[in-house]
There are 4 protein chains.
Amino acid sequence: MIELAAARYGKAGVRLMRVDRSTTPHRVRDLTVAIALEGDFVAAYTGGDNTLLVATDTMKNTAYAFAKQHLDGSIEAYALAMGEHFLAFQQVDRATVNVREHGWRSLSVAGTPSPDAFVRVGEGTRVATVTANADGVVVEAGIEDLIVLKTTRSSFEGFPRDEYTTMPDTDDRMAATKLTAIWTYGSPDVDADASFEAIRSTLLETWADHDSPSIQTSIWIMANAAIARHDEVLEMRLVLPNLHHNLVDLRPFGLENDREIYTPTVEPFGLIEAAVRRGEG
Amino acid sequence: MIELAAARYGKAGVRLMRVDRSTTPHRVRDLTVAIALEGDFVAAYTGGDNTLLVATDTMKNTAYAFAKQHLDGSIEAYALAMGEHFLAFQQVDRATVNVREHGWRSLSVAGTPSPDAFVRVGEGTRVATVTANADGVVVEAGIEDLIVLKTTRSSFEGFPRDEYTTMPDTDDRMAATKLTAIWTYGSPDVDADASFEAIRSTLLETWADHDSPSIQTSIWIMANAAIARHDEVLEMRLVLPNLHHNLVDLRPFGLENDREIYTPTVEPFGLIEAAVRRGEG
Amino acid sequence: MIELAAARYGKAGVRLMRVDRSTTPHRVRDLTVAIALEGDFVAAYTGGDNTLLVATDTMKNTAYAFAKQHLDGSIEAYALAMGEHFLAFQQVDRATVNVREHGWRSLSVAGTPSPDAFVRVGEGTRVATVTANADGVVVEAGIEDLIVLKTTRSSFEGFPRDEYTTMPDTDDRMAATKLTAIWTYGSPDVDADASFEAIRSTLLETWADHDSPSIQTSIWIMANAAIARHDEVLEMRLVLPNLHHNLVDLRPFGLENDREIYTPTVEPFGLIEAAVRRGEG
Amino acid sequence: MIELAAARYGKAGVRLMRVDRSTTPHRVRDLTVAIALEGDFVAAYTGGDNTLLVATDTMKNTAYAFAKQHLDGSIEAYALAMGEHFLAFQQVDRATVNVREHGWRSLSVAGTPSPDAFVRVGEGTRVATVTANADGVVVEAGIEDLIVLKTTRSSFEGFPRDEYTTMPDTDDRMAATKLTAIWTYGSPDVDADASFEAIRSTLLETWADHDSPSIQTSIWIMANAAIARHDEVLEMRLVLPNLHHNLVDLRPFGLENDREIYTPTVEPFGLIEAAVRRGEG
């Protein structure tokens, strides 16, 4: 006997841009949307019966139409509207809507903001995920691909040494990472734009303002600060690849290298992650 | 009160190549390895205490050394050796070792295999993941990024229509996907190389030899065939992005287009996944 | 006085697939097309006058329509038809059409070729470029991203040493590259499919069957073989990144490493290129 | 008779970071360097004679050592030092040094700049290329991958229509591009940092502050402004992919779409380029 153990499906990579021309400068929203449904789809998988199988093309169209009607506010509000829409289908038990927002800033001409010209900014991608099921709605928010660096105040010492250990202790190394932080709000009724900005600032300030004995501890310190300062946050998950910067040996060239010239490396990389939560204590 | 809810860390992107020069042609193994540990690391995260924190650099070195000593056979055997090695650390509760193998084939010169020259092949990347904890060892194997196409025998009809549905039923469409299949063996004592080849063949043959009323059903049919034919497989998870190929409208140019000229698209894409398992029936 | 020094424009990234259903198995052509025009476009650039500015959207449509009408044979023939079409516009002095073909092979079921199922193959991408102007037509063909390896018979010795040289001579190293080879045919009247296969074989056989004292010499030997064996080839340009594979030092772990365990690296890489031609001698 | 027609080789993808700890905040320079040499290398290619063949590993080491000694100022000055160094080899006729600088900005904590924490910024990558040969030195500077958008003031009308033209005229479209601008300085004696900032501002302001009847004209207007305002610029080459944003048809959903909801697309794309120069008029 062979059976379906789990299933989900949806549309991903839905790119859309909304331009609000009623403001000066225009407001540009540039999104990548993914929708996934779980529910009573067994007949579709095992019996070829599409009667209940909402087309992923329909999901795409819904994302476009809802961008027109429900994207005046945060991406969380937009995702909530879509999550509730899809959960209303009788065959749907769980709808997950993931929205990534790519940032643009208004250009200025001779000190005056241009009404209609923009440049794409980096510094990470904002992301929101809404999961809706019969128990209610969970709103997660976060930031992906935020690349940060500490030129000092990072060390790694006292770790265990075995027959495969060659790396010496270091009391001063570069720390660089492409940070992903995802946090869960205690309630969907949150001022998502304000919270995002505040939590992002907390993460960056904490990154800047702590001594790091390990990336593991840095994760704890950052997540702890975010949860402690922002009552709306229940839990935060951080994923920090450790992008190693190795000191170059310049001695063969008769040169000193006192923490000055490094080679950034792409692989291998440490991959450190943790979830930190507000306990019940 | 704020607490650590979950944590894991390790080294990823460890690239290594092993050349066995004792055979003709040489045998080339080209791997990307990732190792992740879970266990008693709370003091490292919350207290800055590295006493038990195995360095990810040590993990990298272990991957190199074990490639010398434990890579005569399958990547599963290599991953098992590493999984057991890391589980033997007292502070480790779970070790996960993921190995991806990039394929090379021997070149021929005038019909004779060259002993020492190779070309990289595509057709997907073989992958193995070993998870070791106190309960024992789980071996997963699979293939990633296997791009396949059906030029006919794929349809999508009878799906529900709502106010956002514009796509018509189609009884003959292109089906294209970049398939990921991951399956779980019932026991680590499996002839992993033989099983991989056999299961890969089953997946490709089944892809070729079925009528698809939906990608969902295709997943079921392929996973079902793999589990039915291969007793060693307990469960299979398939992830199939639906890479849409749209018919080009050639009528403005006075040309017919009877399922002949298509535009392959990258985004948006359907994303269909399921896990199918051998039940207890 | 400020003037236009050079200009070209066109459409790139035109993806199309043609399925010929009259054969068994079906024949699948999977192309990425780029078209670029040069000519009397000064008024468009400097005067905002679009009267002569063929829309890139029109170019895209032309690529689709010509795929229906002119893609029975080689990509070179298809590119030639488009090159001539665009050169026929009075304002066009030069049309360049670049076509990349992505390979698929037919799947088999129980030893019998499936009529309608395919898997994408790697081993490089075939490419053709046609340049048409008043002097006639030049046809270039080639292969991109062909990843090859020599596990021995590659050395690098006797190079000059200065104050910045630290690398020792080596009489046995790995040689790996992602090869690009582009060659020019003496005439557009070439059996492009047969020539491509033959030249590709020559390149792979020569890669396998020579001793390499440097990547520079390998380029010469391969290009030389291709020109010597294939009368239709006037010139060949080869670009070979040197993808370094470094021996891992296993001595700290009490292990020998006699050319067995390597780390493949992505960056930095050598980048070696040359053009070799049939001289007039 | 077969002969070498052209050859160049070097090292690419040399990643390095320099940290100047003598300032507050630290100054971080994050570079990717490529070096290429041309000259008397025929014996290396055709004869396997490495006597004159400067190792690319030596070039990499030189990039590191020169970063220590010659990177106090602009990347142009650093590239110039290396270009002159390599040209001094007797066998070298031309040395080309290309440097890309990845931007970082200092983080602030409670309004005060952190001395040692940074975030990677986007908004394009600064690039400099120095070419040194017996005739002297040419310095090119530029910016790559600068993604900009105009939400209005862009049109495309009056272009020629043929049998393959389906696109209607539009008097108001989105214009989006990932701009590359490379300019040539009249002399190496330029304040490269100041010029870069000023020219970058001119490009962005001009992008914002013009009506675009075509991307072709936008290129002309931007390059013209840069050359007109910046006496040090001899020539500017601009490459602008036209990243199409298509209006979504919302009428099936009973919704208007007055230039509000768009789908950004990746391919196909227009590819528009030109070089504009200060003439002798």
# chains A, B, ... in the order shown; residues from 1 in each chain; ligands from 1
call {"tool": "residues_around", "arguments": {"residues": "C:Gly13", "least_positions_apart": "5", "cutoff": "10 Å", "atoms": "only C-alpha atoms", "output": "list in words"}}
result
Leu31, Thr32, Val33, Ala34, Ile35, Lys60, Val99 and Arg100 of chain C; Val266, Glu267, Pro268, Phe269, Gly270 and Leu271 of chain D
call {"tool": "write_last_selection", "arguments": {"atoms": "N, CA and C atoms", "output": "CSV table (one decimal), in the first residue's frame"}}
result
chain,number,residue,atom,x,y,z
C,31,LEU,N,16.2,27.3,-28.1
C,31,LEU,CA,17.2,28.3,-28.5
C,31,LEU,C,17.1,29.6,-27.6
C,32,THR,N,18.2,30.2,-27.5
C,32,THR,CA,18.2,31.6,-27.0
C,32,THR,C,18.8,32.5,-28.1
C,33,VAL,N,18.1,33.5,-28.5
C,33,VAL,CA,18.5,34.2,-29.7
C,33,VAL,C,18.7,35.7,-29.3
C,34,ALA,N,19.8,36.3,-29.9
C,34,ALA,CA,20.0,37.7,-29.8
C,34,ALA,C,20.3,38.3,-31.1
C,35,ILE,N,19.7,39.5,-31.4
C,35,ILE,CA,19.8,40.2,-32.6
C,35,ILE,C,20.3,41.6,-32.3
C,60,LYS,N,12.0,40.4,-32.0
C,60,LYS,CA,11.6,39.2,-31.2
C,60,LYS,C,10.6,38.5,-32.0
C,99,VAL,N,22.8,32.8,-31.9
C,99,VAL,CA,21.9,31.7,-31.5
C,99,VAL,C,22.6,30.7,-30.6
C,100,ARG,N,22.1,30.5,-29.4
C,100,ARG,CA,22.6,29.4,-28.6
C,100,ARG,C,21.6,28.3,-28.5
D,266,VAL,N,12.4,39.5,-17.2
D,266,VAL,CA,13.8,39.3,-17.3
D,266,VAL,C,14.3,39.1,-18.7
D,267,GLU,N,13.5,38.3,-19.5
D,267,GLU,CA,13.9,38.1,-20.8
D,267,GLU,C,12.6,37.9,-21.7
D,268,PRO,N,12.6,38.2,-23.0
D,268,PRO,CA,13.8,38.9,-23.6
D,268,PRO,C,13.9,40.3,-23.2
D,269,PHE,N,15.0,40.9,-23.5
D,269,PHE,CA,15.3,42.3,-23.2
D,269,PHE,C,15.9,43.0,-24.4
D,270,GLY,N,15.5,44.3,-24.5
D,270,GLY,CA,16.2,45.2,-25.4
D,270,GLY,C,17.7,45.3,-24.9
D,271,LEU,N,18.6,45.5,-25.9
D,271,LEU,CA,20.0,45.7,-25.4
D,271,LEU,C,20.5,46.9,-26.3
call {"tool": "interface_residues", "arguments": {"of": "chain A", "to": "chain B", "cutoff": "7 Å", "atoms": "only C-alpha atoms", "output": "count of residues only"}}
result
57
call {"tool": "residues_around", "arguments": {"residues": "A:Ser22", "least_positions_apart": "4", "cutoff": "12 Å", "atoms": "only C-alpha atoms", "output": "list in words"}}
result
His26, Arg27, Val28, Asp72, Pro115 and Asp116 of chain A; Asp258, Arg259 and Glu260 of chain D
call {"tool": "select_by_dssp", "arguments": {"residues": "stretch 6-133 of chain C", "states": "alpha helix (DSSP H)", "output": "PyMOL selection string"}}
result
chain C and resi 42-47+56-69+75-87
call {"tool": "select_by_dssp", "arguments": {"residues": "stretch 42-230 of chain D", "states": "strand (DSSP E)", "output": "PyMOL selection string"}}
result
chain D and resi 92-101+104-109+112-120+125-133+136-150+175-185
call {"tool": "atom_distance", "arguments": {"atom1": "atom CA of D:Thr170", "atom2": "atom CA of C:Val97"}}
result
27.1 Å
call {"tool": "atom_distance", "arguments": {"atom1": "atom CA of D:Val121", "atom2": "atom CA of D:Ala175"}}
result
23.2 Å
call {"tool": "atom_distance", "arguments": {"atom1": "atom CA of D:Gln91", "atom2": "atom CA of D:Gly39"}}
result
5.6 Å
call {"tool": "residues_around", "arguments": {"residues": "C:Ser201", "least_positions_apart": "4", "cutoff": "10 Å", "atoms": "only C-alpha atoms", "output": "ChimeraX atom specification"}}
result
/B:107-110 /C:195-197,205-207,226
call {"tool": "residues_around", "arguments": {"residues": "B:Thr265", "least_positions_apart": "3", "cutoff": "7 Å", "atoms": "only C-alpha atoms", "output": "mmCIF file with N, CA, C and O atoms, in the first residue's frame"}}
result
data_model
loop_
_atom_site.group_PDB
_atom_site.id
_atom_site.type_symbol
_atom_site.label_atom_id
_atom_site.label_comp_id
_atom_site.auth_asym_id
_atom_site.auth_seq_id
_atom_site.Cartn_x
_atom_site.Cartn_y
_atom_site.Cartn_z
ATOM 1 N N LEU B 243 7.662 24.501 -15.347
ATOM 2 C CA LEU B 243 8.323 25.520 -16.174
ATOM 3 C C LEU B 243 7.484 25.707 -17.440
ATOM 4 O O LEU B 243 7.583 24.928 -18.386
ATOM 5 N N HIS B 244 6.678 26.741 -17.416
ATOM 6 C CA HIS B 244 5.657 26.915 -18.447
ATOM 7 C C HIS B 244 6.271 27.225 -19.810
ATOM 8 O O HIS B 244 7.197 28.024 -19.923
ATOM 9 N N HIS B 245 5.731 26.572 -20.821
ATOM 10 C CA HIS B 245 6.081 26.843 -22.211
ATOM 11 C C HIS B 245 4.800 27.325 -22.896
ATOM 12 O O HIS B 245 3.856 26.544 -23.054
#
